[in-house]
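Colleague: Sharing a structure with you now.
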Amino acid sequence: MSTVDYTRELSVLEGKPPLRELDDLISKPLETKPNRKFFIALSITLSMTALLVIGLGLTFYYGIGMWGNNIPVGWAWDITNFVFWIGIGHAGTLISAILFLFRQKWRTGIARFAEGMTIFAVMTAGLFPLIHVGRPWLAGYLFPYPSQNSIWVNFTSPLLWDVFAVSTYLTVSLIFWYVGLIPDLATLREKTTNKIKKIIYSVTSLGWRFSNRHWQHYEMVYLILAGFATPLVLSVHTIVSFDFAVSVIPGWHSTIFPPYFVAGAVFSGFAMVQNVLIIVRKIFNYEHIITVDTLEKMNKVMLLTGSMVGYAYAMEFFIAWYGGVEAERFTFLNRALGPYAWAYWIMVTCNVVSPQLFWIKKIRRSIKTMFVIAIFVNIGMWFERFVIIVSSLSRDFLPSSWHHYTPTYVDGMILIGSFGFFFTWILLFAKALPVVSMAEVKAVVEGSQPSHKDH
Amino acid sequence: MDDYSKLSNNKLWKSLKEFHNEDDVLKMKHDEFLDGVTDEFDSSKLSGISRRKFFALLSASAALTATACTNYRDKGEIIPYNKRPEEILPGAANYYASTCNGCSLSCGILIKTREGRPIKVEGNPDHPVSRGKICAKGQASILDLYDPERLKAPYFNGKETSWKNVDSTVINILNETQKNGKQIAIVTDTIVSPTAKKVLDDFTAKYQNTKIYSYSLVNDFIRRQAWSECYGTDEYPAVKFDDANIILTLDADFLGNEGNYIENMRKYVSKREVVDKLNFNRLYAAEGRMSSTGMMADYRLKVAPSQQLNFVLGIIYELNKINPHLQLDKSISARLKKFSLLDSADGEKFKHLIKDLNDNRGKSIIYAGDSLSKDVHLAVNYLNEVLGNTILYDYKSSFKNIVKHSTKEEITSLINSMNQGKVGIIIHYESNPVYTMPKDFGYESALKNVKTVISLTVSENESSAYANYTLPTNHSFEAWGDAYAREGFYSLQQPVISPIFNSRQKESVLLSWISANPNSYQEDIYHQYLMKSFNSDVFVKANSLADAKTFWYSALHDGIVRKNGTRQITRFNNIVLNNIKEIIPGNNFIVHLTESYFVGDGRFANNGWLQELPHPVSKITWDNYASISPITAKQLNVQMNDFIEVSLDGRKLVLPALIQPGVHERTINIELGYGRTKAGEVGKNVGFNSVELMTKNWVYSPFLFENASIRKSEGSHKLVSTQEHHSLDDTFVKDFHYSRKIIQEGTLEKYIKEPNFLNEEKENLVSITNEIKYTGHKWAMAIDLNKCTGCSACISSCNVENNIAVVGKEQVERGREMQWIRIDRYYSGQPDNPIVSNQPMLCQHCDNAPCENVCPVNATNHSPDGLNQMVYNRCVGTRYCSNNCPYKVRRFNFFNHRDHFADAYYDNDLTSLMYNPEVTVRSRGVMEKCTFCVQKIMEARSNAIRDGKELKGSDVVTACQQACPTNAITFGDANDPASQIAKLRKHNLSYHVLEELNVKPNVTYIAKLRNTHSEEK
Amino acid sequence: MENIDRKNFFKTIGKGALIVALSSALPIKFFSKAAHLSRQSNPKIKIHPSAVKRNKA
């Protein structure tokens, strides 16, 4: 029998911590010098980032030939990584924008961090379109500038839509995130005694006075920005999916891609956010702010989107068979039985089987198990993009042009390095800005809002 | 005085205050020009720069800076001619007729030059045999002129020296050798030049101890020997394949690499017509290996080379049975017995063969391969006699034999003389006997006993490594020459470029040694000699109205001079039938060595383009291998790429195995021309040297060895192919080319019964976008698959025309070859005797191109005349276009293929001269693909404008179309209703590949019809 | 005092711009390229004087 009382709204935070305590707890990492563990973690991520730099350097100097890409497999790990990282970004926006519009208060503990992760994920993802081109020094051609030759970009190309979508996403997310930071920066401004920090916080908090007027404007802007950011959750990954869906290649040419990719993005994003949050709450002692209830709700989202993804896998297979197009039927059989079958089955096990474990409440609420499941989900989602891209390209219409793809060490360096890049930003973020939104969390502490009932 | 006049005297005021002279105004006025304000002013102390000057300086420096920002990457200067040479019009190409020296067939060529540099080789349309076509090797031979490792100066024992030194020393050596009574040996390759022979004769006359030895790795001397025994002449006739209804080839790759295959292809396809009229021959190929001819055959029978004699006798036996009226010689009829070695699948085909041969007496031909034994040739000659097929022999165009190939005895005696120290000097006359002679001759070690070894060669080779004097000779484009390869005409070779380096023509070298005067050398010494010889031998007999000089010039202009030559047709000498020796084939393997399709006998090893041309059958590049049948592979537990050891009487070779569907179970086919050790950076150590399996004591033929054994060896060697290898039994990927309608084929019978059979299942495709109307020209191409043999001349020609980069074996392995056109080869049917389909694949220039939509920067778009254009300078290299191309014809520059690899082998000043100036050389990171030779379209267009004419589609000839020996490729304006291309597009055998995608490709394929009987496919 | 400083400042900048402009316009590259070219051995391309050009279409 469930002991949950659904007549009352569950409190988001455990206990009823005093508001001042919340402020101190959340701003503590910012006020203390980084400790040894932080430096060890930072040195690991920085060395991974160094791999990225070296890999990119070799690529720029010698050419895309340093990777494993070939004809027919023109895209491989480069675009896999791109879609992977953009996908991860979607969790943050969903949490901070969509859940805000749905008035899900449980988002408050995690929204700031998730949105930060979105920004860093989009930054990481944004590297790939720039570096995967054969002549990156001409990447400016991708942007619509007025040229003397009257040549504009090709607006019918999904890659171009990507340019707009990703830059819009980055911009809006940044602004949204920043606006949300303003009250917290003001709080920090009030708290800090360090002269330099005071100046920085004063400038960045834009003169926030905690006045009623300010709060009214803030709430309105935040609402509008949430409204802006919400459709982006759906549109950005839809556009990314168009990179494939718009093409003629069997395995890519499929109308299910937009919802499939968006669901997949939310799925992988939540998995990554969940993983990082579990670490963060432990290190910073935010267990009562980022509660198991919150994590459980995230797992439910993962279960939902994971099931959607599983449905999409099944539906793709079904439609390939039902449609009768021989090339498409073969593409799917080839995924399951051909030279990349090992990747396919990793994908299916990790993405379809593992989230289904979340039906079980005990697993949903067990920190260790959910952590492992989320790691599998991340691995599975990376492999999903790999399978879609590489297996479809390596064996397409004409058997005479089939060719296998194998990655090179530079590919590996860039993949590992992208993780290093991402985590470096997160580590720096954790020490420079409050990872939990102080203002929002204080607003959902039990008894913080005026009500007609008790007391 | 009125008020106005008063004004001039009046005080002027600006305000009321002033008018009233108020105090503050007065003070202001007083202060306006205070004293002392200008006290400090000292004009001499002012800086010289006035405001004006300052602005002038500012703008001047800005302007100067702007002009200095001119070339941000200095690519060098282009300077126009100060004094333009008369022959050169910058931007216009010159053509010169000459003769190709790539092999002994001596096809006529036109060398295209731009600004004095040869940049392309095409066929000479006036040549009666090759008729404007040359093979892939000929097309790529231009790279050898610009080979960075060409010898640039004479060398003596490894040190550079001068020709003067060489000449005087060698003349002394020759004189001394003559005095000492020692032999002067000249080792040559096949000589087709009568004037070169004259030089050799003159040399022998001057130095009487000279002996000439002609030795060539790949030769036809068995055929000549057989012909000589049968007909009393060793100059065998050409075969009128175009008059044959039935062609039976016995291990004879007459469409791929034997005889004059260019001529053969043309003749063969004249009876594979589906377009203008329906005219079909039937080709039976009986072979052990899988060759190009085997791929084209209507019926392919698996007969091992050692079984061919019994096969022929078996044919005669069966023919005798169904047609007792055939007059057979008694010595033969005693030996006939049924040929039992065909398996059941081939039994049906054999029956058809017998019936066809009998029904087409006098209109068929049996043709045996150069590598088969003399006995087979004797039997085949007899069979053709019996069937009355001798009317297909064309003696008017017989194959001349200017210098006979040396016999084994002659070579052995040379080696013995060498070992006994009786040879004073050996001259390698552009030959490479250390590589080409079988090891048991012992030539290599015998060389050490010769005091002076001279190698006249264009590049270093295995023989020149032993030479004291390595003397650079002119490349054929720098050299004079002539050729009398075929009866009926005489062809000339002229240099189009002065020797780039300090090399000399080999004939000139000999001439200066004949003159015994080291100072006698002039650059045109052989030119004069040739003209004299031409005058006395050709001009005098030509009965021309012109004078000698004019005749000479017109001969050079045309490239050929026709001769009247007739041959006495002799009678078959039946006595030879007694000499036919039967060989009982053993149970072991038979090794069949064949010439490489693209590297020849090894002479093209350093030619990167040719090494990278995929083998017509296996699509392997940069290697040779042992072709074995799938059954043999299974028996030995050998997989693709595994090393196997082939051993024969103490000779061994370890090389990788290639499982080749269709190879006879007992046959191992290995190509010659590989495993060279001294061939330049590109060619050395490529492949495995199968000369090691040859012997001077051959029983059957120099290229066939019975009783071989093979066993699996250790390790493997990755064979790199441009197509993936799939076992024919792999049902997972079987026959996609049929099910996806990539290859659509039929039989002749079906086509005659239902001409529209191909279109029955065609769908009506609906477009959701507006169709673009092409009102002007609309360029389109058609490829007749009945005529494509996979010879790859088109690929070679495209490589040269469009400056295609060589990427090397490793990059081909990664799938990054850069050829814009490829020939796809598909197998279907049974692995032990598959049906093979070839399909040239290039950019289809789709009207609804999927690549154009997806390029984010608009680097690829469609021209108003129907071309899919590629804008290299806009391309940033996202590769989306290639991903979206269903034909995968787009090629990406993953590296800067010129200077990426450390040695930057092709990025040197010499090879850079070879580029076609009309085609951009693409940089790193840029996508490229076939452009339908847009540079040729533009050239034709500007010529039409200059001439004031309309541009006709037939004015444009793409490189691939021009090169195709069978004219399988047609190109032109689809909007011109009278054009051939418009006709082909509407032909009922026409189809598009992947038509259902509605990309509207503009390359039409004409379906292949196989002339088989209705029971089979 | 102030004005002279400003004047000096702009003078210096103007001189510097001038030097930069002139030096970047100097044909150093031409000289170095010429030196480089004379150092490397370019193959000489010369049409063979006796070659007979083809005039047919």
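Chain labels run A, B, ... following the order of the structure tokens; each chain numbers its residues from 1, and ligands are numbered from 1 in the order shown.
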Distance limit 9 Å, atoms considered: only C-alpha atoms. Which chain C residues sit that close to chain B? Return them as a VMD selection string.
Modeller: chain C and resid 11 14 to 15 17 to 26 29 to 30 33 41 to 56
Colleague: Kindly assemble as CSV a list of the chain A residues that lie within 8 Å of chain B, each paired with its nearest atom pair and their distance in Å to one decimal, using only C-alpha atoms, sorted first by chain and then by ascending residue number.
Modeller:
residue,atom,partner,partner_atom,distance
A:Tyr62,CA,B:Phe895,CA,6.5
A:Gly63,CA,B:Phe895,CA,5.2
A:Ile64,CA,B:Phe894,CA,5.2
A:Gly65,CA,B:Phe894,CA,4.4
A:Gly68,CA,B:Arg814,CA,7.5
A:Asn70,CA,B:Gly815,CA,5.3
A:Ile71,CA,B:Gly815,CA,5.8
A:Pro72,CA,B:Lys888,CA,6.3
A:Val73,CA,B:Asn883,CA,7.1
A:Gly74,CA,B:Arg879,CA,5.7
A:Trp75,CA,B:Arg879,CA,7.3
A:His132,CA,B:Thr878,CA,6.7
A:Val133,CA,B:Thr878,CA,4.6
A:Gly134,CA,B:Gly925,CA,3.5
A:Arg135,CA,B:Val876,CA,5.0
A:Pro136,CA,B:Val876,CA,7.0
A:Leu138,CA,B:Val876,CA,6.1
A:Ala139,CA,B:Val876,CA,6.6
A:Tyr141,CA,B:Val857,CA,6.2
A:Leu142,CA,B:Val857,CA,5.8
A:Trp152,CA,B:Val857,CA,7.4
A:Val153,CA,B:Val857,CA,4.7
A:Asn154,CA,B:Pro856,CA,5.1
A:Phe155,CA,B:Pro856,CA,7.3
A:Thr156,CA,B:Asn853,CA,6.0
A:Ser157,CA,B:Val854,CA,4.2
A:Pro158,CA,B:Val854,CA,6.5
A:Leu159,CA,B:Pro856,CA,5.7
A:Leu160,CA,B:Pro856,CA,5.1
A:Ser247,CA,B:Asn884,CA,5.6
A:Val248,CA,B:Asn884,CA,6.2
A:Ile249,CA,B:Asn884,CA,6.4
A:Glu326,CA,B:Arg740,CA,7.1
A:Ala327,CA,B:Arg740,CA,7.3
A:Leu393,CA,B:Asn883,CA,6.9
A:Asp396,CA,B:Pro886,CA,7.3
A:Phe397,CA,B:Pro886,CA,6.0
A:Leu398,CA,B:Tyr887,CA,6.4
A:Pro399,CA,B:Phe736,CA,7.1
A:Ser400,CA,B:Gln723,CA,5.4
A:Ser401,CA,B:Gln723,CA,6.4
A:Trp402,CA,B:Glu724,CA,6.4
A:His403,CA,B:Glu724,CA,6.4
A:Tyr405,CA,B:Arg814,CA,7.7
Colleague: Mind checking DSSP for stretch 720-906 of chain B and telling me the strand (DSSP E) residues as a PyMOL selection string?
Modeller: chain B and resi 720-721+745-747+779-784+822-830+833-841+860-862+868-870+891-892
Colleague: Print the selection's residues with N, CA, C and O atoms to a file, as a short mmCIF file (atom, residue, chain, number, x, y, z; two decimals), in the first residue's frame.
Modeller:
data_model
loop_
_atom_site.label_atom_id
_atom_site.label_comp_id
_atom_site.auth_asym_id
_atom_site.auth_seq_id
_atom_site.Cartn_x
_atom_site.Cartn_y
_atom_site.Cartn_z
N VAL B 720 43.68 -4.55 -51.15
CA VAL B 720 42.80 -3.39 -51.08
C VAL B 720 41.98 -3.29 -52.34
O VAL B 720 42.51 -3.21 -53.44
N SER B 721 40.68 -3.26 -52.16
CA SER B 721 39.78 -3.23 -53.31
C SER B 721 38.85 -2.05 -53.17
O SER B 721 38.57 -1.59 -52.07
N GLU B 745 18.86 -6.51 -67.06
CA GLU B 745 19.39 -7.25 -68.22
C GLU B 745 18.30 -8.11 -68.81
O GLU B 745 17.26 -8.31 -68.21
N GLY B 746 18.61 -8.63 -69.98
CA GLY B 746 17.66 -9.56 -70.58
C GLY B 746 18.41 -10.45 -71.53
O GLY B 746 19.63 -10.41 -71.63
N THR B 747 17.68 -11.29 -72.21
CA THR B 747 18.31 -12.09 -73.26
C THR B 747 17.82 -11.57 -74.60
O THR B 747 16.76 -10.95 -74.71
N TRP B 779 22.43 18.77 -71.29
CA TRP B 779 23.47 17.77 -71.48
C TRP B 779 23.07 16.46 -70.82
O TRP B 779 22.58 16.44 -69.69
N ALA B 780 23.29 15.39 -71.54
CA ALA B 780 22.93 14.08 -71.00
C ALA B 780 23.88 13.04 -71.56
O ALA B 780 24.57 13.26 -72.55
N MET B 781 23.92 11.92 -70.93
CA MET B 781 24.85 10.86 -71.34
C MET B 781 24.11 9.53 -71.37
O MET B 781 23.15 9.33 -70.61
N ALA B 782 24.53 8.65 -72.26
CA ALA B 782 23.98 7.30 -72.28
C ALA B 782 25.12 6.30 -72.33
O ALA B 782 26.12 6.54 -73.00
N ILE B 783 25.00 5.23 -71.60
CA ILE B 783 26.04 4.22 -71.57
C ILE B 783 25.42 2.89 -71.97
O ILE B 783 24.47 2.43 -71.34
N ASP B 784 25.96 2.32 -73.05
CA ASP B 784 25.41 1.06 -73.55
C ASP B 784 26.13 -0.09 -72.86
O ASP B 784 27.28 -0.37 -73.13
N ARG B 822 33.77 5.27 -62.04
CA ARG B 822 34.22 3.95 -61.63
C ARG B 822 33.39 2.94 -62.40
O ARG B 822 32.33 3.27 -62.93
N ILE B 823 33.89 1.71 -62.46
CA ILE B 823 33.11 0.67 -63.12
C ILE B 823 32.75 -0.34 -62.04
O ILE B 823 33.62 -1.01 -61.49
N ASP B 824 31.47 -0.42 -61.77
CA ASP B 824 31.00 -1.35 -60.74
C ASP B 824 30.85 -2.73 -61.35
O ASP B 824 30.36 -2.87 -62.47
N ARG B 825 31.25 -3.72 -60.60
CA ARG B 825 31.18 -5.08 -61.11
C ARG B 825 30.34 -5.90 -60.15
O ARG B 825 30.61 -5.96 -58.97
N TYR B 826 29.30 -6.51 -60.68
CA TYR B 826 28.38 -7.28 -59.84
C TYR B 826 28.39 -8.74 -60.28
O TYR B 826 28.39 -9.04 -61.46
N TYR B 827 28.35 -9.61 -59.28
CA TYR B 827 28.25 -11.05 -59.57
C TYR B 827 26.85 -11.52 -59.25
O TYR B 827 26.20 -11.03 -58.33
N SER B 828 26.39 -12.52 -60.01
CA SER B 828 25.16 -13.18 -59.61
C SER B 828 25.27 -14.61 -60.07
O SER B 828 26.17 -15.00 -60.81
N GLY B 829 24.34 -15.42 -59.66
CA GLY B 829 24.37 -16.81 -60.07
C GLY B 829 25.23 -17.64 -59.14
O GLY B 829 25.27 -17.42 -57.94
N GLN B 830 25.93 -18.60 -59.71
CA GLN B 830 26.69 -19.55 -58.88
C GLN B 830 28.12 -19.08 -58.69
O GLN B 830 28.71 -18.56 -59.62
N ASN B 833 30.67 -20.39 -61.35
CA ASN B 833 30.69 -19.80 -62.68
C ASN B 833 29.65 -18.68 -62.75
O ASN B 833 28.56 -18.86 -63.25
N PRO B 834 29.99 -17.54 -62.19
CA PRO B 834 28.98 -16.51 -62.00
C PRO B 834 28.67 -15.76 -63.29
O PRO B 834 29.41 -15.80 -64.26
N ILE B 835 27.56 -15.06 -63.25
CA ILE B 835 27.23 -14.10 -64.30
C ILE B 835 27.74 -12.75 -63.82
O ILE B 835 27.49 -12.36 -62.69
N VAL B 836 28.47 -12.07 -64.68
CA VAL B 836 29.11 -10.83 -64.25
C VAL B 836 28.51 -9.65 -65.01
O VAL B 836 28.27 -9.73 -66.21
N SER B 837 28.24 -8.59 -64.30
CA SER B 837 27.72 -7.38 -64.94
C SER B 837 28.62 -6.21 -64.60
O SER B 837 29.02 -6.04 -63.46
N ASN B 838 28.93 -5.41 -65.62
CA ASN B 838 29.74 -4.21 -65.41
C ASN B 838 28.89 -2.99 -65.60
O ASN B 838 28.01 -2.95 -66.47
N GLN B 839 29.15 -1.97 -64.81
CA GLN B 839 28.38 -0.74 -64.98
C GLN B 839 29.22 0.46 -64.64
O GLN B 839 29.58 0.67 -63.49
N PRO B 840 29.58 1.27 -65.63
CA PRO B 840 30.28 2.51 -65.31
C PRO B 840 29.36 3.43 -64.53
O PRO B 840 28.18 3.58 -64.88
N MET B 841 29.88 3.99 -63.44
CA MET B 841 29.04 4.84 -62.61
C MET B 841 29.74 6.18 -62.41
O MET B 841 30.91 6.23 -62.03
N THR B 860 26.95 23.62 -54.50
CA THR B 860 26.59 22.79 -55.65
C THR B 860 25.20 23.19 -56.10
O THR B 860 24.28 23.29 -55.30
N ASN B 861 25.08 23.44 -57.37
CA ASN B 861 23.80 23.89 -57.89
C ASN B 861 23.68 23.44 -59.34
O ASN B 861 24.56 22.79 -59.87
N HIS B 862 22.59 23.79 -59.95
CA HIS B 862 22.28 23.27 -61.27
C HIS B 862 22.42 24.37 -62.31
O HIS B 862 21.97 25.48 -62.10
N ASN B 868 24.99 19.44 -63.10
CA ASN B 868 25.13 19.69 -61.67
C ASN B 868 26.52 20.25 -61.45
O ASN B 868 27.51 19.59 -61.74
N GLN B 869 26.58 21.47 -60.98
CA GLN B 869 27.86 22.17 -60.90
C GLN B 869 28.46 22.07 -59.52
O GLN B 869 27.74 22.02 -58.52
N MET B 870 29.76 22.08 -59.46
CA MET B 870 30.45 22.03 -58.18
C MET B 870 31.32 23.27 -58.10
O MET B 870 32.18 23.47 -58.95
N ARG B 891 33.43 12.69 -54.49
CA ARG B 891 34.71 12.36 -53.87
C ARG B 891 35.18 13.54 -53.03
O ARG B 891 35.12 14.68 -53.48
N PHE B 892 35.69 13.26 -51.85
CA PHE B 892 36.09 14.33 -50.94
C PHE B 892 37.61 14.33 -50.78
O PHE B 892 38.23 13.28 -50.67
#
Colleague: When you draw a straight line from atom CA of A:Ser27 to atom CA of A:Ala271, how long is it in Å?
Modeller: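 Interatomic distance, atom CA of A:Ser27 to atom CA of A:Ala271: 26.0 Å.
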Colleague: Would you kindly return, as a ChimeraX atom specification, each protein, DNA or RNA residue with an atom no farther than 9 Å from any atom of stretch 445-447 of chain A, considering only C-alpha atoms and excluding same-chain residues fewer than 6 positions away?
Modeller: /A:11-19,454
Colleague: Take the residues from that selection and write them out as a compact mmCIF listing (two decimals), in the first residue's frame, keeping N, CA and C atoms.
Modeller:
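Now in part_26.txt:
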# COMPACT_ATOMS: atom_id res chain seq x y z
N SER A 11 6.07 18.30 -0.33
CA SER A 11 7.04 19.38 -0.25
C SER A 11 8.23 19.05 -1.13
N VAL A 12 8.79 20.05 -1.71
CA VAL A 12 9.90 19.83 -2.61
C VAL A 12 11.17 19.53 -1.82
N LEU A 13 11.37 20.33 -0.81
CA LEU A 13 12.57 20.13 -0.02
C LEU A 13 12.24 19.30 1.20
N GLU A 14 13.21 18.58 1.62
CA GLU A 14 12.98 17.81 2.85
C GLU A 14 13.18 18.69 4.05
N GLY A 15 12.31 18.51 4.95
CA GLY A 15 12.42 19.33 6.16
C GLY A 15 12.02 20.75 5.87
N LYS A 16 12.30 21.65 6.79
CA LYS A 16 11.92 23.04 6.62
C LYS A 16 13.12 23.88 7.03
N PRO A 17 14.14 23.85 6.15
CA PRO A 17 15.36 24.57 6.51
C PRO A 17 15.10 26.07 6.51
N PRO A 18 15.73 26.76 7.45
CA PRO A 18 15.58 28.21 7.44
C PRO A 18 16.14 28.79 6.16
N LEU A 19 15.56 29.89 5.73
CA LEU A 19 15.95 30.45 4.43
C LEU A 19 17.42 30.87 4.40
N ASP A 454 -2.99 26.73 7.08
CA ASP A 454 -2.25 26.70 8.36
C ASP A 454 -1.57 28.02 8.75
Colleague: Show me a table, sorted first by chain and then by increasing residue number, of the residues of stretch 256-275 of chain A having an atom at most 7 Å from stretch 76-99 of chain A, each with its shortest atom pair and the distance in Å to one decimal, counting only C-alpha atoms and written as JSON lines.
Modeller:
{"residue": "A:Ala265", "atom": "CA", "partner": "A:Gly87", "partner_atom": "CA", "distance": 4.0}
{"residue": "A:Val266", "atom": "CA", "partner": "A:Ala91", "partner_atom": "CA", "distance": 5.1}
{"residue": "A:Ser268", "atom": "CA", "partner": "A:Ile88", "partner_atom": "CA", "distance": 5.7}
{"residue": "A:Gly269", "atom": "CA", "partner": "A:Ile88", "partner_atom": "CA", "distance": 3.7}
{"residue": "A:Phe270", "atom": "CA", "partner": "A:Ala91", "partner_atom": "CA", "distance": 5.2}
{"residue": "A:Met272", "atom": "CA", "partner": "A:Ile88", "partner_atom": "CA", "distance": 6.8}
Colleague: Between B:Ser445, B:Thr293, B:Asn573, B:Thr667, which one has atoms that come closest to B:Gly256, using only C-alpha atoms?
Modeller: B:Thr293
Colleague: Using only C-alpha atoms, pick whichever of A:Ser451, A:Ser202, A:Thr408, A:Ser147 has the shortest atom-to-atom distance to A:Thr59.
Modeller: A:Thr408
Colleague: Which residues, written as a PyMOL selection string, have at least one atom at most 6 Å from B:Val303, with only C-alpha atoms counted and residues fewer than 4 positions away on the same chain left out?
Modeller: chain B and resi 286-288
Colleague: Which residues are close to stretch 430-437 of chain A, i.e. within 9 Å by only C-alpha atoms, leaving aside same-chain residues fewer than 4 positions away? Reply as an MDAnalysis selection string.
Modeller: chainID A and resid 26:34 108:114 116 180:181 183:185 280 286 289:290 425:426 441:442
Colleague: Can you measure atom CA of A:Phe386 to atom CA of B:Ala849 for me? One decimal in Å is fine.
Modeller: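 Going from atom CA of A:Phe386 over to atom CA of B:Ala849 covers 26.2 Å.
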Colleague: Which residues are close to A:Thr424, i.e. within 8 Å by only C-alpha atoms, leaving aside same-chain residues fewer than 6 positions away? Reply as a count of residues only.
Modeller: 4
Colleague: Give the alpha helix (DSSP H) residues of stretch 317-442 of chain B, as assigned by DSSP on the backbone, as an NGL selection string.
Modeller: :B and (317-322 or 330-333 or 344-359 or 374-386 or 408-419 or 433-436)
Colleague: Neighbours of B:Asn474 within 9 Å (only C-alpha atoms; same-chain residues fewer than 6 positions away dropped), as a VMD selection string?
Modeller: chain B and resid 145 457 to 458 499 to 506
Colleague: Take the selection from the previous step and output its residues with N, CA, C and O atoms, as a tab-separated table (two decimals), in the first residue's frame.
Modeller:
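again06.tsv written:
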chain	number	residue	atom	x	y	z
B	145	LEU	N	56.15	10.73	-68.45
B	145	LEU	CA	56.99	11.83	-68.95
B	145	LEU	C	57.36	12.75	-67.79
B	145	LEU	O	58.46	13.30	-67.73
B	457	THR	N	67.98	3.54	-70.44
B	457	THR	CA	66.65	3.42	-69.88
B	457	THR	C	66.12	4.80	-69.47
B	457	THR	O	66.88	5.73	-69.23
B	458	VAL	N	64.81	4.92	-69.38
B	458	VAL	CA	64.21	6.19	-68.98
B	458	VAL	C	64.32	6.36	-67.47
B	458	VAL	O	64.64	7.44	-66.97
B	499	PRO	N	63.80	17.38	-75.15
B	499	PRO	CA	64.09	16.60	-73.94
B	499	PRO	C	64.21	17.50	-72.72
B	499	PRO	O	64.92	18.50	-72.74
B	500	ILE	N	63.48	17.16	-71.70
B	500	ILE	CA	63.43	18.01	-70.50
B	500	ILE	C	64.75	17.91	-69.74
B	500	ILE	O	65.21	18.88	-69.15
B	501	PHE	N	65.30	16.74	-69.75
B	501	PHE	CA	66.55	16.55	-69.02
B	501	PHE	C	67.67	16.19	-69.99
B	501	PHE	O	67.48	16.20	-71.21
B	502	ASN	N	68.78	15.87	-69.42
B	502	ASN	CA	69.94	15.58	-70.26
B	502	ASN	C	69.91	14.15	-70.73
B	502	ASN	O	70.78	13.35	-70.41
B	503	SER	N	68.85	13.81	-71.47
B	503	SER	CA	68.72	12.45	-71.96
B	503	SER	C	68.88	12.46	-73.47
B	503	SER	O	68.86	13.51	-74.10
B	504	ARG	N	69.07	11.27	-74.00
B	504	ARG	CA	69.21	11.17	-75.45
B	504	ARG	C	68.34	10.04	-75.96
B	504	ARG	O	68.05	9.10	-75.24
B	505	GLN	N	68.00	10.12	-77.21
B	505	GLN	CA	67.25	9.04	-77.82
B	505	GLN	C	68.15	7.82	-77.92
B	505	GLN	O	69.31	7.92	-78.28
B	506	LYS	N	67.60	6.64	-77.61
B	506	LYS	CA	68.46	5.45	-77.56
B	506	LYS	C	69.07	5.15	-78.92
B	506	LYS	O	70.22	4.70	-79.02
